[in-house]
Each structure stands twice: as C-alpha cells, then as structure tokens.
Amino acid sequence: MLNRVVLVGRLTKDPDLRYTPSGVAVANFTLAVNRPFSNQQGNREADFINCVVWRRPAENLANYMKKGSMVGVDGRVQTRRFEGQDGKTVFVTEIVADSVQFLETKGSSQGGQDSSGFQPNRDQNQNQFEPNRNQDDPFKNNGEPIDISDDDLPF
C-alpha cells in the first residue's frame, strides 16, 4: 500500500504555529495549488489543501515563510474525525507533511530582498537555515526582482 503526496503551492495565509500540552510544535497551513489545466473560461483554477507539519519543521515554516510563500510539501493524506462543539461529528482530511521545502527565500514572494543573510539549506531532509558565506555570488541580482510569470515555471 502507498500513501504519498507531493505538492508545490503558495501559502494562503501565515502558518498557524501552536504547541501541544507536552511542548511539541505543530503548524497548520493551507496551500493554494494550481490545477494543470484551464477552465472553460480560460482561467487557471486552484485547489486549497489543508496541511499540518510537526516539530522543528513546523517552527521553521512559521519563522521563515508567510502568506504567499512558495513551498514544496512531501507527506501523506490523513483522515480523522472528532466531535464538534455542537455535538456533531466533524471529518477532516489533510496532508501530514514529512518535510516542507522552502522554494524561495523569506520575503521574495512579495518581490522584496532577504536582508537576513540567511538562505535555505538545500538538504532535502532538513529545514535548517545557515548563513550565506559566499558574498561573491555571481548570480545575485543586486536585489532587483526578476520578471517571470508563474506559467513559465516548470512546476
């Protein structure tokens, strides 16, 4: 049996970071994921997918990403149910993320420059940040935004 989900999308709002009574971090967030086709009017529609991530990756997501940030999620689908305040059974389907990859630096979704001096560590299994030690980066764009459409991106 296989239950695996891979998503790339943008956060619809800032992640909601909370802690369990035992001190474990958990962040809830919603991803807007574009559908790969246009509707009859020629517009691209999106699905809004609820996700949850635990522990250190939850704290990193809440600290470094915000509404509009593009992230990649690798995880699984989970369903659960609970009794709501009105006494009715509530069913929830969500993606439990094993990892969340930051696909842009903090603030770049708004066209701004990341002035913190940090950049994501590209190790797939970690959501840690490390200082940018290479100050002579030939690819840096002097903080100028790059004009590129989401339709031009391969994902």
# chains A, B, ... in the order shown; residues from 1 in each chain; ligands from 1
$ closest_atom_pairs --of "region 86-110 of chain A" --to "region 36-59 of chain A" --cutoff "8 Å" --atoms "only C-alpha atoms" --output "tab-separated table"
residue	atom	partner	partner_atom	distance
A:Thr93	CA	A:Asn50	CA	7.7
A:Glu94	CA	A:Asn50	CA	5.1
A:Ile95	CA	A:Cys51	CA	4.5
A:Val96	CA	A:Val52	CA	5.1
A:Ala97	CA	A:Val53	CA	5.1
A:Asp98	CA	A:Val53	CA	7.0
A:Ser99	CA	A:Pro57	CA	7.0
A:Val100	CA	A:Pro57	CA	7.0
$ select_by_dssp --residues "region 52-97 of chain A" --states "helix (DSSP H, G or I)" --output "VMD selection string"
chain A and resid 55 to 64
$ residues_around --residues "Thr12 (chain A)" --least-positions-apart "4" --cutoff "7 Å" --atoms "only C-alpha atoms" --output "ChimeraX atom specification"
/A:30-32,67-68
$ atom_distance --atom1 "CA of Val6 (chain A)" --atom2 "CA of Phe91 (chain A)"
22.4 Å
$ closest_residue --among "A:Val71, A:Pro21, A:Leu103, A:Thr79" --to "Gly9 (chain A)" --atoms "only C-alpha atoms"
A:Val71
$ decode --residues "region 90-102 of chain A" --atoms "N, CA and C atoms" --output "compact mmCIF listing (two decimals), in the first residue's frame"
# COMPACT_ATOMS: atom_id res chain seq x y z
N VAL A 90 -17.27 15.75 13.12
CA VAL A 90 -16.57 16.53 12.10
C VAL A 90 -15.51 15.63 11.47
N PHE A 91 -15.50 15.55 10.14
CA PHE A 91 -14.50 14.77 9.42
C PHE A 91 -13.48 15.73 8.81
N VAL A 92 -12.21 15.39 8.94
CA VAL A 92 -11.12 16.23 8.42
C VAL A 92 -10.22 15.37 7.55
N THR A 93 -9.90 15.89 6.37
CA THR A 93 -8.89 15.29 5.50
C THR A 93 -7.80 16.33 5.32
N GLU A 94 -6.55 15.94 5.56
CA GLU A 94 -5.43 16.88 5.48
C GLU A 94 -4.18 16.14 5.06
N ILE A 95 -3.18 16.92 4.67
CA ILE A 95 -1.88 16.37 4.32
C ILE A 95 -0.98 16.52 5.54
N VAL A 96 -0.41 15.41 6.01
CA VAL A 96 0.58 15.45 7.09
C VAL A 96 1.94 15.47 6.41
N ALA A 97 2.63 16.59 6.54
CA ALA A 97 3.91 16.78 5.84
C ALA A 97 5.04 16.10 6.60
N ASP A 98 5.79 15.29 5.87
CA ASP A 98 7.03 14.74 6.41
C ASP A 98 8.14 15.78 6.28
N SER A 99 8.08 16.55 5.19
CA SER A 99 9.05 17.63 5.01
C SER A 99 8.39 18.76 4.24
N VAL A 100 8.86 19.97 4.51
CA VAL A 100 8.43 21.16 3.79
C VAL A 100 9.68 21.84 3.26
N GLN A 101 9.75 21.98 1.95
CA GLN A 101 10.90 22.62 1.31
C GLN A 101 10.55 24.07 0.99
N PHE A 102 11.44 24.97 1.34
CA PHE A 102 11.23 26.39 1.06
C PHE A 102 11.74 26.65 -0.36
